[in-house]
Structure formats: C-alpha cells, structure tokens
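So the structure is just underneath, and the comments pick up after that.
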Amino acid sequence: MTARKPLLDALVSMLTARDVLVSCLGANARYLPHMTVPCPVFALCDSMSAAIPLALGMALQRPDRHVVALEGDGSLLMSPNVLATVAAAAPPNLTMLLWVNGRYESSGGQALPAAAVDWVELGRASGIRHVASVGDVATLREALPRARAAGAPALIVVEIAFDPNEPIPPYSERPDEIRARFRL
Amino acid sequence: MTGLEQIVAGLEAAQVSIVASVPDTWIGRLMTGVRRSARLRAVDVAREEEAVAVACGANLAGGRGAVLIQNAGLLNCGGVLAGLVELYRLPCFFIVSLRGDHRDPVYYHAPKGRVTEETLRAWRLPYARADRHGDLAAQVKQGVEFCVESRGPFVLLISGEDLA
C-alpha cells in the first residue's frame, strides 16, 4: 500500500481553479495548508462525518463547480448513511475520496472496530453507482478524471498505509482563518 | 394563507435556496409545501447532523440553507453545532417541530418536550417559539436574517397547530 502523502500530492496536482476541496479533520486537513492548492479549500479540524454533507451542500448550491470531498474511514463508519443521502440528491459535480487505513489517525492511531468493511460494496449498496478503488498514484490519476466525467456522484476508495511515525504537521490554521479565506 | 404557506413564503422571502430535512409528521407536512416551491430546493437527508452540514455548505457556497427537523433530531446535533456551526461561525437556520409540549397529543413525545428548551438554553442557541397569531412569514425571514448577520444558528420552534 502507498503512503498518504504521495496520493495527496497527486490529488492536489489534478485539481483546478474551478474545483472546491473539502477535507475532514485529520492528516489531510493538516497537510493542506502547507501545499499549493489551486482551488478554495475548507478543512475541518473537528466535526467528524461533516465533510461529505458539507460538500454536498456546496455542490448543490454551485453546480458550476466540481466539489471534491476527502473523508476518512473512521468518520464514514460513524455515519455511512450519508452515502444514501448523496445518492438521492445525485449531484453530478461531487466526488468523494474515502481514505482508508483502518485507524483513527488524528486521535493517536487507534484501530477502528475490527470488521472487514467492504467500502466499495457499501458505496454501491447505498446507491452510488460510480465507485472505484485505488491503491497507488497511477490508479488515482486514472480514477479521478473518470469520476469527474461520471455525470453522477462518485466515490473513490483510497487504500493507504498507516505509518505511526508519519511526520504529519500540526493544525496551522484557525477555523476563523479558514472561514475567512474560503471564497467561491 | 395557512401557517404552512406563510412559513414557506418566509423561506422564499429570506432567499433560502436549500432546505435539508428529516421529516416527522409535522415537518413532513411542511416539506410538502417546500417541495411545491419553485425557489426552494428540498434535500432529503438520512440524519439530522447531515442536514446541518448541507445547510452550512450551501451557505459557504453563497446560498442560504435551512434545516427542518424534529426536536429529537435537534438533540442529535450537539456535536455538529459545536464543531461546525459554532467553531466556524456559520449561519444555520432551523425550523424544529416541538414535539411533546402541552399542545402535543402524543404521549411518547413528552420526554423530548421536557428537555428541548432547556437544552437550547444550555447550548446557548438563540431560539423562539413561533407565534401563529402573528406573521409567520416575517418570523421565518427574521430568523434567517439573524443567522446571516450573527454568523450563527437560530432555531424557530413550531407546533402542528402553526401549520394550519
């Protein structure tokens, strides 16, 4: 399995100024302020499970923009119902990337409940028709353009390695700063 | 106009664009009016916390979101209110059916009715009970504008009688 950062780097390199990026709390939200992202970013530092519905609201409000939501497996396991909500609303301009490492990384790397959740099948069973699974940069580079072109909400399951020694930077932006900078 | 029609007119007058909802009997009736509106987009969500985030997303994207849920669902929303709405200072207007007060004939709602307003005060959420003898549309519009100006939440509590 590939480490998180090369996959995040590849994702950011594929974004454009017309995209919108929403990140759940945790490592991705902590890396993003240190990266050159070409589109507006709204990164959460709390509120597990809010990233996808937040992105859904943006996608419905602004059909002229493509919204990319980053969610973690711990957050989605807490509220998998949101996949059905997205499927029902069916915005063609929403792509969800689910980062799967089986850990609550932002709270110290504790393991998720020891169940072999099939995230691809969960997505399909919830009504998301365009679901892909990637495990390296090359497959991510193929999957994201297909998701954008799906004409329906898409889910990309990103399998990543868990590294307890990964040098994830601390949160470096305050919520009021994130809010003030976010403009569509 | 019925109360239901006034509430929908208030949402329209306040330029609400997206209404995210989990229905109960009363909110479900209200959502039938929302769905008839050409200016409101109804979004059916599976849990109330999602409705809050959807409304916040609409607001962040330049629209105005509203959340229509029962008080049981509002009681689910403490985390997202603290960790999203309050933390990022986002407008979020709620219409909440107040089940279990003295006007509600259904006995099993009573425990929720006993704690709803005390919980709102404990969470420091600005709120009002709708006054069906007054202008409901104006109360809705005022609530939405309060959210925009304060960059925070406001809860309008309604009863089934308010929809008549």
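As shown in the structure tokens, the chain order sets the letters A, B, ...; within each chain, residues go from 1, and ligands are also counted from 1 in the order they appear.
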
From a DSSP calculation on the backbone, collect every residue of chain B in helix (DSSP H, G or I) and output the set as number ranges by chain.
-> B: 3-13, 25-36, 48-60, 71-76, 78-86, 107-122, 136-150, 160-163

For C-alpha atoms, I'd like the residues from the last selection saved as a tab-separated table (two decimals), in the first residue's frame.
chain	number	residue	atom	x	y	z
B	3	GLY	CA	-49.42	28.72	8.55
B	4	LEU	CA	-47.65	26.25	6.32
B	5	GLU	CA	-47.93	28.61	3.38
B	6	GLN	CA	-46.67	31.51	5.48
B	7	ILE	CA	-43.60	29.57	6.59
B	8	VAL	CA	-42.78	28.61	3.02
B	9	ALA	CA	-43.31	32.21	1.93
B	10	GLY	CA	-40.95	33.30	4.69
B	11	LEU	CA	-38.25	30.92	3.50
B	12	GLU	CA	-38.67	32.25	-0.03
B	13	ALA	CA	-38.65	35.88	1.11
B	25	THR	CA	-45.42	14.16	10.89
B	26	TRP	CA	-45.40	17.94	11.16
B	27	ILE	CA	-42.14	18.62	9.31
B	28	GLY	CA	-43.26	16.19	6.61
B	29	ARG	CA	-46.37	18.32	6.05
B	30	LEU	CA	-44.24	21.43	5.93
B	31	MET	CA	-41.90	19.82	3.40
B	32	THR	CA	-44.81	19.22	1.05
B	33	GLY	CA	-45.08	22.99	0.83
B	34	VAL	CA	-41.32	23.35	0.39
B	35	ARG	CA	-41.39	20.87	-2.48
B	36	ARG	CA	-44.13	22.87	-4.22
B	48	GLU	CA	-30.18	15.46	11.16
B	49	GLU	CA	-26.45	16.16	11.51
B	50	GLU	CA	-26.21	15.82	7.74
B	51	ALA	CA	-28.91	18.44	7.33
B	52	VAL	CA	-26.87	20.89	9.37
B	53	ALA	CA	-23.75	20.30	7.28
B	54	VAL	CA	-25.69	20.52	4.00
B	55	ALA	CA	-27.17	23.86	5.05
B	56	CYS	CA	-23.73	25.12	6.10
B	57	GLY	CA	-22.28	24.00	2.78
B	58	ALA	CA	-24.96	25.91	0.92
B	59	ASN	CA	-24.17	28.99	2.98
B	60	LEU	CA	-20.44	28.67	2.35
B	71	ASN	CA	-36.69	18.14	18.24
B	72	ALA	CA	-35.46	14.55	18.62
B	73	GLY	CA	-33.15	15.27	15.70
B	74	LEU	CA	-32.07	18.60	17.12
B	75	LEU	CA	-30.99	16.75	20.25
B	76	ASN	CA	-28.73	14.63	17.99
B	78	GLY	CA	-24.93	18.92	19.65
B	79	GLY	CA	-21.64	17.79	18.12
B	80	VAL	CA	-22.08	19.34	14.71
B	81	LEU	CA	-23.43	22.55	16.21
B	82	ALA	CA	-20.33	22.89	18.38
B	83	GLY	CA	-17.77	21.53	15.92
B	84	LEU	CA	-19.03	23.10	12.70
B	85	VAL	CA	-21.63	25.85	13.14
B	86	GLU	CA	-20.15	27.50	16.22
B	107	TYR	CA	-47.69	10.81	24.91
B	108	TYR	CA	-44.39	9.31	23.81
B	109	HIS	CA	-43.05	12.65	22.68
B	110	ALA	CA	-43.29	14.10	26.20
B	111	PRO	CA	-39.70	13.31	27.31
B	112	LYS	CA	-38.34	15.27	24.33
B	113	GLY	CA	-40.69	18.14	25.02
B	114	ARG	CA	-39.49	18.36	28.61
B	115	VAL	CA	-35.84	18.86	27.67
B	116	THR	CA	-35.88	20.72	24.35
B	117	GLU	CA	-35.92	24.32	25.52
B	118	GLU	CA	-33.61	23.62	28.46
B	119	THR	CA	-31.16	22.02	26.01
B	120	LEU	CA	-31.37	25.00	23.67
B	121	ARG	CA	-30.54	27.29	26.58
B	122	ALA	CA	-27.71	25.04	27.75
B	136	LEU	CA	-45.20	33.61	10.50
B	137	ALA	CA	-43.50	34.57	7.24
B	138	ALA	CA	-41.91	37.54	8.94
B	139	GLN	CA	-40.76	35.38	11.86
B	140	VAL	CA	-39.07	32.98	9.45
B	141	LYS	CA	-37.43	35.75	7.46
B	142	GLN	CA	-36.25	37.45	10.65
B	143	GLY	CA	-34.74	34.16	11.86
B	144	VAL	CA	-32.82	33.61	8.64
B	145	GLU	CA	-31.52	37.16	8.66
B	146	PHE	CA	-30.49	36.80	12.30
B	147	CYS	CA	-28.34	33.82	11.26
B	148	VAL	CA	-26.71	35.70	8.42
B	149	GLU	CA	-25.99	38.79	10.50
B	150	SER	CA	-24.81	36.93	13.60
B	160	GLY	CA	-48.54	21.25	14.42
B	161	GLU	CA	-51.09	23.99	15.11
B	162	ASP	CA	-48.78	26.51	13.46
B	163	LEU	CA	-49.21	24.80	10.09

Return the neighbours of chain B among the residues of chain A, cut-off 10 Å, counting only C-alpha atoms, as a ChimeraX atom specification.
-> /A:20,22,42,44-62,65,79-86,88-89,174-180,182-184

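Of note, CA of Pro40 in chain A and CA of Ala69 in chain A are spaced 12.1 Å apart.
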
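Computed from the coordinates, the CA of Arg4 in chain A to CA of Ile160 in chain A distance equals 5.7 Å.
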
Tell me which protein, DNA and RNA residues are within 12 Å of Arg103 in chain A, counting only C-alpha atoms, leaving out same-chain ones fewer than 6 positions away, and put them as a PyMOL selection string.
-> chain A and resi 26-27+72-77+109-114+159-164

Every residue of chain B that DSSP places in strand (DSSP E or B), as a VMD selection string = chain B and resid 18 to 21 41 to 44 65 to 70 92 to 97 127 to 129 153 to 158

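Taking CA of Ile156 in chain A and CA of Ser133 in chain A as the two end points, the separation is 5.6 Å.
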